[in-house]
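K.L.:
Below are the structure tokens for one structure; questions will follow.
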4 protein chains.
Amino acid sequence: MVANKGFQEIDYRTANTAKIAIGVLGYGFMGKVHSNAYLKIPYTYKTPAAFPELVAMGGRTEEKVEDTARRFGYLGYYTDWRSLIENPRIQVFDNCAGENMHYEPSVAAVEQGKHLICEKPLAMSADEAKKMLDAAERSGVKHMCMFNYRFIPAVRLARDLLERRALGTIYQFRARYLQQQGHSPDEVVENIWYAKKTRTGVLGGIGCHVIDLARFLVGEISAVSGIVKTFHSKRKTKVGDEQDIDADEGNVALIEFENGAIGTLESSGVSTGRKNHNTWEINGSKGSLLFDLEDLNHLQVYLEEGPLKETWGFSNVSVTEPFHPFQTLILPRGHNAGWEYGHVHGLHHFINCVVNDLPVAPYGATFEDGYKAQVVVEAIKLSSKMGKRVGIKSISNAS
Amino acid sequence: MVANKGFQEIDYRTANTAKIAIGVLGYGFMGKVHSNAYLKIPYTYKTPAAFPELVAMGGRTEEKVEDTARRFGYLGYYTDWRSLIENPRIQVFDNCAGENMHYEPSVAAVEQGKHLICEKPLAMSADEAKKMLDAAERSGVKHMCMFNYRFIPAVRLARDLLERRALGTIYQFRARYLQQQGHSPDEVVENIWYAKKTRTGVLGGIGCHVIDLARFLVGEISAVSGIVKTFHSKRKTKVGDEQDIDADEGNVALIEFENGAIGTLESSGVSTGRKNHNTWEINGSKGSLLFDLEDLNHLQVYLEEGPLKETWGFSNVSVTEPFHPFQTLILPRGHNAGWEYGHVHGLHHFINCVVNDLPVAPYGATFEDGYKAQVVVEAIKLSSKMGKRVGIKSISNAS
Amino acid sequence: MVANKGFQEIDYRTANTAKIAIGVLGYGFMGKVHSNAYLKIPYTYKTPAAFPELVAMGGRTEEKVEDTARRFGYLGYYTDWRSLIENPRIQVFDNCAGENMHYEPSVAAVEQGKHLICEKPLAMSADEAKKMLDAAERSGVKHMCMFNYRFIPAVRLARDLLERRALGTIYQFRARYLQQQGHSPDEVVENIWYAKKTRTGVLGGIGCHVIDLARFLVGEISAVSGIVKTFHSKRKTKVGDEQDIDADEGNVALIEFENGAIGTLESSGVSTGRKNHNTWEINGSKGSLLFDLEDLNHLQVYLEEGPLKETWGFSNVSVTEPFHPFQTLILPRGHNAGWEYGHVHGLHHFINCVVNDLPVAPYGATFEDGYKAQVVVEAIKLSSKMGKRVGIKSISNAS
Amino acid sequence: MVANKGFQEIDYRTANTAKIAIGVLGYGFMGKVHSNAYLKIPYTYKTPAAFPELVAMGGRTEEKVEDTARRFGYLGYYTDWRSLIENPRIQVFDNCAGENMHYEPSVAAVEQGKHLICEKPLAMSADEAKKMLDAAERSGVKHMCMFNYRFIPAVRLARDLLERRALGTIYQFRARYLQQQGHSPDEVVENIWYAKKTRTGVLGGIGCHVIDLARFLVGEISAVSGIVKTFHSKRKTKVGDEQDIDADEGNVALIEFENGAIGTLESSGVSTGRKNHNTWEINGSKGSLLFDLEDLNHLQVYLEEGPLKETWGFSNVSVTEPFHPFQTLILPRGHNAGWEYGHVHGLHHFINCVVNDLPVAPYGATFEDGYKAQVVVEAIKLSSKMGKRVGIKSISNAS
């Protein structure tokens with residue numbers, strides 16, 4: 001250490017703030033996004049629940065996992081997931097692998113007593129998801145399915161307003177999540193995430209987000225009717241072969257809630273021009289809310305309140321004030337937070353639950369929420385196949 | 001006539017432009033909107049197909065029909081509709097009465113050989129609508145169901161782009177028409193148009209608009225799944241009685257098109273904060289279109305064309321240029337047209353068809369289109385009742 | 001008259017509503033827009049102040065004035081303006097000619113005792129405008145300079161909120177009016193309204209609108225600093241000649257108000273992509289307002305009031321409710337009015353003032369307002385030339 | 001280290017990527033934002049120019065600097081800035097202190113041979129800024145004034161389009177930066193950043209941003225006319241004393257560019273409802289650009305190009321595609337970046353210039369740009385005082 005007079009070295013063993021040791025499986029998109037979030041936790045909150053220690057990242061390809069782990073300052077890495085979850089120092093196992101790698105490592109980690117975060121969708125099927133839930137519940141660890149949009153400040157403000165009954169009786173919900181990766185018939189399989197056999201299609205991959213938001217904001221879904229559609233049943237690969245596509249490329253569903261509200265859900269991978277268009281609207285007897293992920297720092301709020309009814313309209317709220325959810329140290333009023341903050345706030349929530357033994361629900365999605373989203377996914381598929389309305393209880397009882 | 005030197009009196013019998021004699025049934029909202037449109041036709045177009053002559057308005061309450069007719073400069077009025085349609089001078093009978101008064105007067109007018117415009121929804125049922133269509137077809141008159149939104153310049157531009165295949169293969173359509181009249185459980189029946197027994201609920205009243213737009217823009221609908229909902233099955237009247245409400249207050253539907261596209265339709269009368277929110281989106285393999293009736297002078301167009309792909313995005317097109325549809329004499333570039341122009345352009349289209357013996361379809365909606373919209377309405381209701389997908393052909397064959 | 005049994009002819013001599021006889025000079029854009037407005041008055045308002053009688057239109061080219069007058073149903077026309085204003089039947093003379101034809105006919109009309117409407121800008125110079133004001137005041141007639149944007153419902157709502165002091169102390173105002181006619185250096189003179197020698201450039205032609213709005217909404221202007229710019233000092237004509245351009249093509253100004261507020265004004269004819277972009281913003285100690293003419297049915301209102309400060313934001317108000325200014329018979333909630341309604345409401349305001357002997361000010365702009373706008377125009381030009389701030393009083397005293 | 005079989009420890013001494021040692025003065029808002037940016041550099045770019053080493057943070061209050069440094073993982077801290085800049089290991093000195101602490105430490109650091117980043121505004125006066133520029137130039141170090149908005153991807157795309165002359169001749173620029181901290185007369189001095197005596201008011205504090213953007217996007221400013229205004233010359237402190245306010249609270253200016261374009265600049269601290277409203281618009285002969293910081297992932301682009309002129313309009317470009325500026329590893333298409341990325345990209349740009357000996361200009365702002373912004377600030381103030389246009393050269397020669 002080259003230093004000089006006046007230099008005060010920081011002793012990182014002496015902080016008042018607790019530490020929490022993290023192991024992350026996966027160096028891809030989600031592995032990076034979670035790692036970024038962990039690094040930001042200490043300086044995002046005035047009093048973070050704990051400082052994450054990035055102990056190890058796991059991934060099969062050594063060159064890539066080493067490179068990624070180094071960029072984020074991990075102590076080390078693993079090329080097999082079993083060793084990662086067996087590291088005794090790790091307190092939280094964060095499964096950022098693809099959904100085909102959620103089930104086995106997550107169940108194994110739970111058996112090691114690790115607290116557990118798993119990316120969405122929770123599993124390849126409702127059945128797998130149920131087993132993961134059961135395993136986690138049996139072991140008594142904290143568990144969270146990473147539905148990051150619950151932790152966007154504007155979404156949480158919506159939830160707060162709904163909890164306070166500011167909107168009265170809820171009549172309607174409509175949500176969609178539209179992307180465009182596969183819009184061209186000439187696009188090759190490798191460039192289309194949802195077309196891969198290790199994934200669960202558009203409905204599984206992003207449809208689950210709007211299903212979770214429906215449940216988070218409005219309540220339990222009682223029945224669905226759906227259409228699940230593959231527009232291009234064959235696509236070329238990069239080398240020019242033709243490959244069959246089983247995955248859905250777009251889907252629409254009608255939903256009925258236990259509380260009597262109705263609505264629509266949609267997700268798509270072929271909506272040309274729609275980059276990451278995740279919007280929803282709620283109409284209640286006393287007000288309405290609108291949200292658009294591509295304008296994520298704002299919530300549109302219509303309330304029939306206030307002294308001047310001539311001025312009632314959808315209020316474009318910049319959800320960045322000190323009195324809004326998830327106030328941060330580094331972003332003052334009107335300084336927009338990026339998409340990545342859903343993960344920052346979500347992972348901090350989980351750490352707080354672990355450190356202070358608090359329940360992950362209802363603000364975080366547990367494995368139960370992850371499982372319930374899978375059930376709705378399967379109900380939509382079943383409805384599409386059978387051409388009739390499917391009750392959610394009939395499906396979930398069966399699994 | 002007090003005039004002076006230099007005054008040149010205009011002899012209205014000598015114009016080069018043809019005249020066309022109009023009789024309008026109904027002095028309510030639609031009667032006024034149509035009358036306004038007729039008055040505007042001579043000065044909206046450089047070369048109008050004809051100058052409308054407002055011969056007579058019909059309506060039951062003499063004081064009101066006389067007052068309204070006088071405001072618009074009608075020659076006279078009737079208090080019974082039979083006399084109106086029997087007036088030999090009238091060439092076009094325009095039925096602006098409520099939907100419970102569409103069937104009988106329209107069929108009678110056709111039998112008098114009148115060309116016929118009828119407001120939407122065409123009838124109280126698909127069955128009635130089919131009889132009206134058959135009667136009109138038998139007589140050989142021109143007939144149009146007044147789906148005014150086909151004639152909004154931005155909507156017509158959309159149709160033009162679709163006809164030119166600018167969007168490639170169409171994958172998806174989503175449309176909704178949301179209003180808020182009934183959002184409060186305390187609102188009385190008299191203030192809620194859709195709750196009246198002479199109307200056909202939200203689905204019949206405004207849902208038909210989005211059904212027609214789906215057909216106009218994307219193509220024939222092959223199947224639907226729907227939920228039709230009455231949120232308040234009882235409401236107070238002004239005098240405090242309680243009244244049962246049969247009409248739907250909101251509905252959602254999945255649609256499948258014959259060309260393979262899928263989508264959702266929704267209409268609502270209880271969407272708090274939504275004043276007249278009629279929007280739709282079309283996604284195709286090469287581009288997408290968005291429209292919002294509360295911003296009716298614009299069409300959002302995404303096309304993957306143009307020299308700089310860095311600048312691709314939804315283009316916010318002000319559909320007010322000389323090279324856009326329905327150019328007018330009085331509104332230069334960027335000077336916004338109001339909602340009323342859907343009727344101006346629509347009624348002028350019909351007059352042009354009558355005067356020059358042109359087909360009303362495909363740009364205007366004929367009674368066949370009005371009938372087909374009714375069939376879809378009934379299919380959605382049937383689907384809601386049965387909890388399963390309903391094929392459109394199965395219904396239309398039956399009627 | 002071919003009629004039949006039951007036909008009740010309307011006797012237009014017997015209406016309870018007063019009539020008012022109108023003469024319009026000019027068959028161009030404004031002549032048409034005013035004529036349209038007069039026709040709409042009887043059926044726009046529940047109780048119109050009077051039914052306009054379109055007695056005569058004046059214009060130099062017989063073929064054109066006859067054609068236009070016929071389209072709007074005028075009784076007759078004149079090809080010289082002196083005869084028009086001498087018609088004893090005409091009560092209101094409405095000068096819709098170009099600004100080079102405002103002074104002489106308007107003064108002459110006043111001398112005939114006609115009530116007087118004159119399009120903006122009131123004259124070719126502040127000096128001419130002052131003489132028009134003096135003449136009108138001497139004769140005791142009603143006079144209005146047609147600043148139509150005062151009569152857009154959203155603008156009037158803004159004025160109402162400001163009158164009620166809902167925004168507290170006003171700090172700032174910023175307004176601009178941007179168009180694009182001359183953006184291409186290759187555009188010929190004939191296609192650019194502001195480049196014509198009979199006009200007063202961009203500042204005179206549309207800059208006067210934002211000046212009037214500044215005065216209408218915030219108050220008297222005390223000083224200005226300006227830049228007035230001609231980007232293309234030579235342009236081709238259609239036949240290929242080169243013509244010198246004196247008119248400004250764009251201008252910017254700083255303004256100071258007597259009440260201490262500051263701001264900017266801008267108008268342009270070379271703002272590529274801006275079709276008719278007239279926006280303004282007001283910031284006060286307790287709230288702010290935003291308006292955009294291309295979204296003219298909405299006013300954005302920010303007020304720090306209402307029960308939930310988490311939901312404060314700019315409220316997007318659809319100014320179409322029954323409790324908003326200028327409620328009409330034919331446009332229910334959310335059914336957008338077009339740009340033409342500024343003239344409808346403005347001309348009805350004037351007619352009401354004439355019929356009921358009410359003051360045109362403060363909601364309508366009188367010739368005094370027209371004159372004051374001209375003074376500010378000239379102050380901006382003088383400031384640009386001299387490179388220094390110009391006090392308004394120093395100019396207006398001089399004229 | 002508690003690890004296990006399979007654990008591969010990362011040796012951070014062996015990376016291929018260069019390291020660069022950073023010292024940051026200031027633990028406040030900017031100290032945090034810069035530290036966050038340094039942490040993100042290694043994983044934001046596929047091939048970062050270097051991995052920053054956070055050697056030391058400097059700040060007067062030990063408790064606070066220690067706490068902040070610990071959150072970001074600094075090796076240590078200093079409580080006096082002289083020791084910080086004398087640390088021989090530090091290669092880059094990053095001055096994030098308030099503007100009253102820019103001059104002396106920056107000049108001293110340059111004399112130590114440190115490469116130098118200094119937050120905006122560069123100094124308390126143009127004179128100070130010139131001395132800082134001269135010192136940096138003499139020493140031959142790299143220097144950058146942290147105008148972060150140059151590094152927002154949408155802003156850089158704008159610059160790219162302008163460099164390629166896609167907009168033709170530039171006519172007009174208009175920019176404003178509006179905030180609301182001081183809008184209430186009752187707000188106390190301590191809560192209003194711009195009112196503090198250690199700051200340079202609204203014009204100095206945020207006005208410099210729009211000045212720099214004007215220069216970055218359009219070119220050198222030749223003259224200004226300005227109004228600089230303090231609306232509340234006295235304010236209460238928290239303890240109830242009354243304090244004189246010298247700082248401006250809002251300002252407006254006309255600008256003329258050397259290339260003939262004109263425009264307006266504005267900044268405000270009293271614009272109620274405006275959270276962080278930094279927008280600008282450029283109009284050129286062939287196109288226009290619009291930007292709004294509260295929607296920072298989009299650039300609105302109007303170009304009169306492309307195959308279908310019916311579809312021309314402002315294109316709402318999501319500047320998040322792989323072919324857009326500043327592509328990152330962790331944010332795919334449509335996943336919005338936050339405000340903080342201006343600093344991430346800006347600091348990485350500087351590090352790249354240091355490591356690879358590249359010029360900071362023209363994409364980064366050098367101290368020359370910082371100085372020139374100060375000159376314009378002073379010219380606006382002088383113009384306001386004298387009531388006349390001020391040429392920039394007359395000022396800059398004088399300093």
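We label chains A, B, ... in the order they appear in the structure tokens, count residues from 1 in each chain, and number ligands from 1 in the order shown.
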Do me a favour and pick out the residues of chain B within 8 Å of chain C, using only C-alpha atoms, as a ChimeraX atom specification.
P.N.:
/B:2-10,12,29,32-33,36,40,42-43,56,66,68,70-72,74-80,83-84,86-89,275-277,294-295,318,330,333-340
K.L.:
When DSSP works through the backbone of this structure, what residues of stretch 128-299 of chain A end up as helix (DSSP H, G or I), shown as an MDAnalysis selection string?
P.N.:
chainID A and resid 128:139 148:151 153:163 189:191 193:195 201:217 293:295
K.L.:
Mind checking which residues fall within 9 Å of stretch 284-289 of chain A, counting only C-alpha atoms, ignoring those fewer than 2 positions away in the same chain, and posting them as a PyMOL selection string?
P.N.:
(chain A and resi 158+165-172+280-282+291+299-305+314) or (chain B and resi 182-185+270-274)
K.L.:
List the neighbours of D:Lys19 out to 7 Å using only C-alpha atoms; skip same-chain residues closer than 6 positions along the sequence, and give me the result as a list in words.
P.N.:
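Everything that qualifies: Ala50, Phe51, Pro52 and Glu53 of chain D.
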K.L.:
Next, write the just-selected residues to a file, as a PDB file, in the first residue's frame, keeping N, CA and C atoms as the atom set.
P.N.:
ATOM      1  N   ALA D  50      -9.977   0.621 -18.014  1.00  0.00           N
ATOM      2  CA  ALA D  50      -9.248   0.236 -16.805  1.00  0.00           C
ATOM      3  C   ALA D  50     -10.259  -0.032 -15.710  1.00  0.00           C
ATOM      4  N   PHE D  51      -9.795  -0.758 -14.704  1.00  0.00           N
ATOM      5  CA  PHE D  51     -10.625  -0.941 -13.506  1.00  0.00           C
ATOM      6  C   PHE D  51     -10.223   0.143 -12.504  1.00  0.00           C
ATOM      7  N   PRO D  52     -11.139   0.988 -12.093  1.00  0.00           N
ATOM      8  CA  PRO D  52     -10.779   2.003 -11.093  1.00  0.00           C
ATOM      9  C   PRO D  52     -10.480   1.363  -9.745  1.00  0.00           C
ATOM     10  N   GLU D  53      -9.450   1.860  -9.117  1.00  0.00           N
ATOM     11  CA  GLU D  53      -9.182   1.515  -7.721  1.00  0.00           C
ATOM     12  C   GLU D  53      -9.562   2.708  -6.876  1.00  0.00           C
TER      13      GLU D  53
END
K.L.:
So that I can see what lies close to stretch 342-353 of chain D, please list as a PyMOL selection string the residues with an atom at most 8 Å from it, counting only C-alpha atoms and leaving out residues fewer than 5 positions away in the same chain.
P.N.:
chain D and resi 20+33-34+36-38+40-41+48-50+142+144+146+148-153+326+358-360+364
K.L.:
Could you name the residues that touch stretch 377-393 of chain C at 9 Å or less, counting only C-alpha atoms, but leaving out those on the same chain fewer than 5 positions away, as a PyMOL selection string?
P.N.:
(chain C and resi 125-126+203-204+207-208+211+221-229+251-254+372+398) or (chain D and resi 225+383+386-390)
K.L.:
With C-alpha atoms kept, could you save the residues just selected as a CSV table (one decimal), in the first residue's frame?
P.N.:
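File again_28.csv, as written:
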chain,number,residue,atom,x,y,z
C,125,SER,CA,-48.1,48.9,-37.1
C,126,ALA,CA,-48.8,50.0,-33.6
C,203,LEU,CA,-43.5,37.9,-35.1
C,204,GLY,CA,-46.4,39.9,-36.4
C,207,GLY,CA,-45.8,36.0,-32.3
C,208,CYS,CA,-48.7,38.3,-31.5
C,211,ILE,CA,-47.8,38.1,-26.6
C,221,ILE,CA,-45.4,43.4,-20.0
C,222,SER,CA,-43.0,46.1,-18.8
C,223,ALA,CA,-39.9,45.4,-20.9
C,224,VAL,CA,-38.6,43.2,-23.6
C,225,SER,CA,-35.3,42.2,-25.1
C,226,GLY,CA,-35.4,40.5,-28.5
C,227,ILE,CA,-33.7,38.9,-31.4
C,228,VAL,CA,-35.6,39.0,-34.7
C,229,LYS,CA,-34.0,37.0,-37.4
C,251,ASN,CA,-37.6,35.5,-33.1
C,252,VAL,CA,-36.9,35.1,-29.4
C,253,ALA,CA,-37.6,37.6,-26.6
C,254,LEU,CA,-37.2,38.0,-22.9
C,372,LYS,CA,-50.8,46.6,-27.0
C,398,ALA,CA,-44.4,57.5,-28.3
D,225,SER,CA,-29.0,39.0,-23.5
D,383,SER,CA,-26.3,41.7,-19.7
D,386,MET,CA,-26.7,46.6,-18.1
D,387,GLY,CA,-29.8,45.9,-20.0
D,388,LYS,CA,-28.0,45.2,-23.2
D,389,ARG,CA,-26.6,42.4,-25.4
D,390,VAL,CA,-23.2,41.3,-24.4
K.L.:
Please report, as a PyMOL selection string, each residue of stretch 51-134 of chain B to which DSSP assigns strand (DSSP E or B) when run on this structure's backbone.
P.N.:
chain B and resi 51-58+76-78+92-95+115-119
K.L.:
Could those selected residues go to a file with N, CA and C atoms, as a PDB file, in the first residue's frame?
P.N.:
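The file below, part30.pdb, is the result:
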ATOM      1  N   PHE B  51     -74.426  19.260 -51.910  1.00  0.00           N
ATOM      2  CA  PHE B  51     -74.775  20.088 -50.749  1.00  0.00           C
ATOM      3  C   PHE B  51     -76.000  19.454 -50.100  1.00  0.00           C
ATOM      4  N   PRO B  52     -75.886  19.045 -48.822  1.00  0.00           N
ATOM      5  CA  PRO B  52     -77.071  18.489 -48.160  1.00  0.00           C
ATOM      6  C   PRO B  52     -78.151  19.557 -47.949  1.00  0.00           C
ATOM      7  N   GLU B  53     -79.365  19.178 -48.195  1.00  0.00           N
ATOM      8  CA  GLU B  53     -80.513  20.007 -47.809  1.00  0.00           C
ATOM      9  C   GLU B  53     -81.159  19.362 -46.599  1.00  0.00           C
ATOM     10  N   LEU B  54     -81.211  20.090 -45.507  1.00  0.00           N
ATOM     11  CA  LEU B  54     -81.806  19.525 -44.301  1.00  0.00           C
ATOM     12  C   LEU B  54     -83.307  19.728 -44.376  1.00  0.00           C
ATOM     13  N   VAL B  55     -83.963  18.723 -44.882  1.00  0.00           N
ATOM     14  CA  VAL B  55     -85.398  18.861 -45.152  1.00  0.00           C
ATOM     15  C   VAL B  55     -86.214  18.764 -43.871  1.00  0.00           C
ATOM     16  N   ALA B  56     -85.959  17.707 -43.115  1.00  0.00           N
ATOM     17  CA  ALA B  56     -86.803  17.551 -41.922  1.00  0.00           C
ATOM     18  C   ALA B  56     -86.119  16.695 -40.878  1.00  0.00           C
ATOM     19  N   MET B  57     -86.417  17.005 -39.648  1.00  0.00           N
ATOM     20  CA  MET B  57     -85.968  16.223 -38.509  1.00  0.00           C
ATOM     21  C   MET B  57     -87.213  15.594 -37.881  1.00  0.00           C
ATOM     22  N   GLY B  58     -87.047  14.376 -37.396  1.00  0.00           N
ATOM     23  CA  GLY B  58     -88.175  13.733 -36.733  1.00  0.00           C
ATOM     24  C   GLY B  58     -87.895  13.480 -35.267  1.00  0.00           C
ATOM     25  N   GLY B  76     -88.235  21.896 -41.862  1.00  0.00           N
ATOM     26  CA  GLY B  76     -89.377  21.569 -41.001  1.00  0.00           C
ATOM     27  C   GLY B  76     -89.075  20.354 -40.153  1.00  0.00           C
ATOM     28  N   TYR B  77     -90.129  19.821 -39.525  1.00  0.00           N
ATOM     29  CA  TYR B  77     -89.927  18.682 -38.637  1.00  0.00           C
ATOM     30  C   TYR B  77     -91.180  17.816 -38.622  1.00  0.00           C
ATOM     31  N   TYR B  78     -91.026  16.641 -38.046  1.00  0.00           N
ATOM     32  CA  TYR B  78     -92.144  15.715 -37.863  1.00  0.00           C
ATOM     33  C   TYR B  78     -92.142  15.220 -36.428  1.00  0.00           C
ATOM     34  N   VAL B  92     -82.315  10.679 -48.520  1.00  0.00           N
ATOM     35  CA  VAL B  92     -81.542   9.913 -47.546  1.00  0.00           C
ATOM     36  C   VAL B  92     -82.235   9.975 -46.196  1.00  0.00           C
ATOM     37  N   PHE B  93     -82.519   8.812 -45.664  1.00  0.00           N
ATOM     38  CA  PHE B  93     -83.076   8.750 -44.310  1.00  0.00           C
ATOM     39  C   PHE B  93     -81.945   8.389 -43.365  1.00  0.00           C
ATOM     40  N   ASP B  94     -81.760   9.230 -42.358  1.00  0.00           N
ATOM     41  CA  ASP B  94     -80.627   9.062 -41.445  1.00  0.00           C
ATOM     42  C   ASP B  94     -81.193   8.793 -40.060  1.00  0.00           C
ATOM     43  N   ASN B  95     -81.046   7.552 -39.622  1.00  0.00           N
ATOM     44  CA  ASN B  95     -81.665   7.124 -38.372  1.00  0.00           C
ATOM     45  C   ASN B  95     -80.714   7.343 -37.192  1.00  0.00           C
ATOM     46  N   HIS B 115     -82.351   5.913 -49.429  1.00  0.00           N
ATOM     47  CA  HIS B 115     -81.013   5.509 -49.016  1.00  0.00           C
ATOM     48  C   HIS B 115     -80.950   5.691 -47.499  1.00  0.00           C
ATOM     49  N   LEU B 116     -80.096   4.860 -46.879  1.00  0.00           N
ATOM     50  CA  LEU B 116     -80.287   4.720 -45.441  1.00  0.00           C
ATOM     51  C   LEU B 116     -78.971   4.751 -44.678  1.00  0.00           C
ATOM     52  N   ILE B 117     -78.959   5.636 -43.705  1.00  0.00           N
ATOM     53  CA  ILE B 117     -77.858   5.646 -42.736  1.00  0.00           C
ATOM     54  C   ILE B 117     -78.466   5.292 -41.394  1.00  0.00           C
ATOM     55  N   CYS B 118     -77.786   4.420 -40.674  1.00  0.00           N
ATOM     56  CA  CYS B 118     -78.303   4.105 -39.342  1.00  0.00           C
ATOM     57  C   CYS B 118     -77.148   4.143 -38.358  1.00  0.00           C
ATOM     58  N   GLU B 119     -77.384   4.778 -37.245  1.00  0.00           N
ATOM     59  CA  GLU B 119     -76.365   4.832 -36.196  1.00  0.00           C
ATOM     60  C   GLU B 119     -76.068   3.427 -35.661  1.00  0.00           C
TER      61      GLU B 119
END
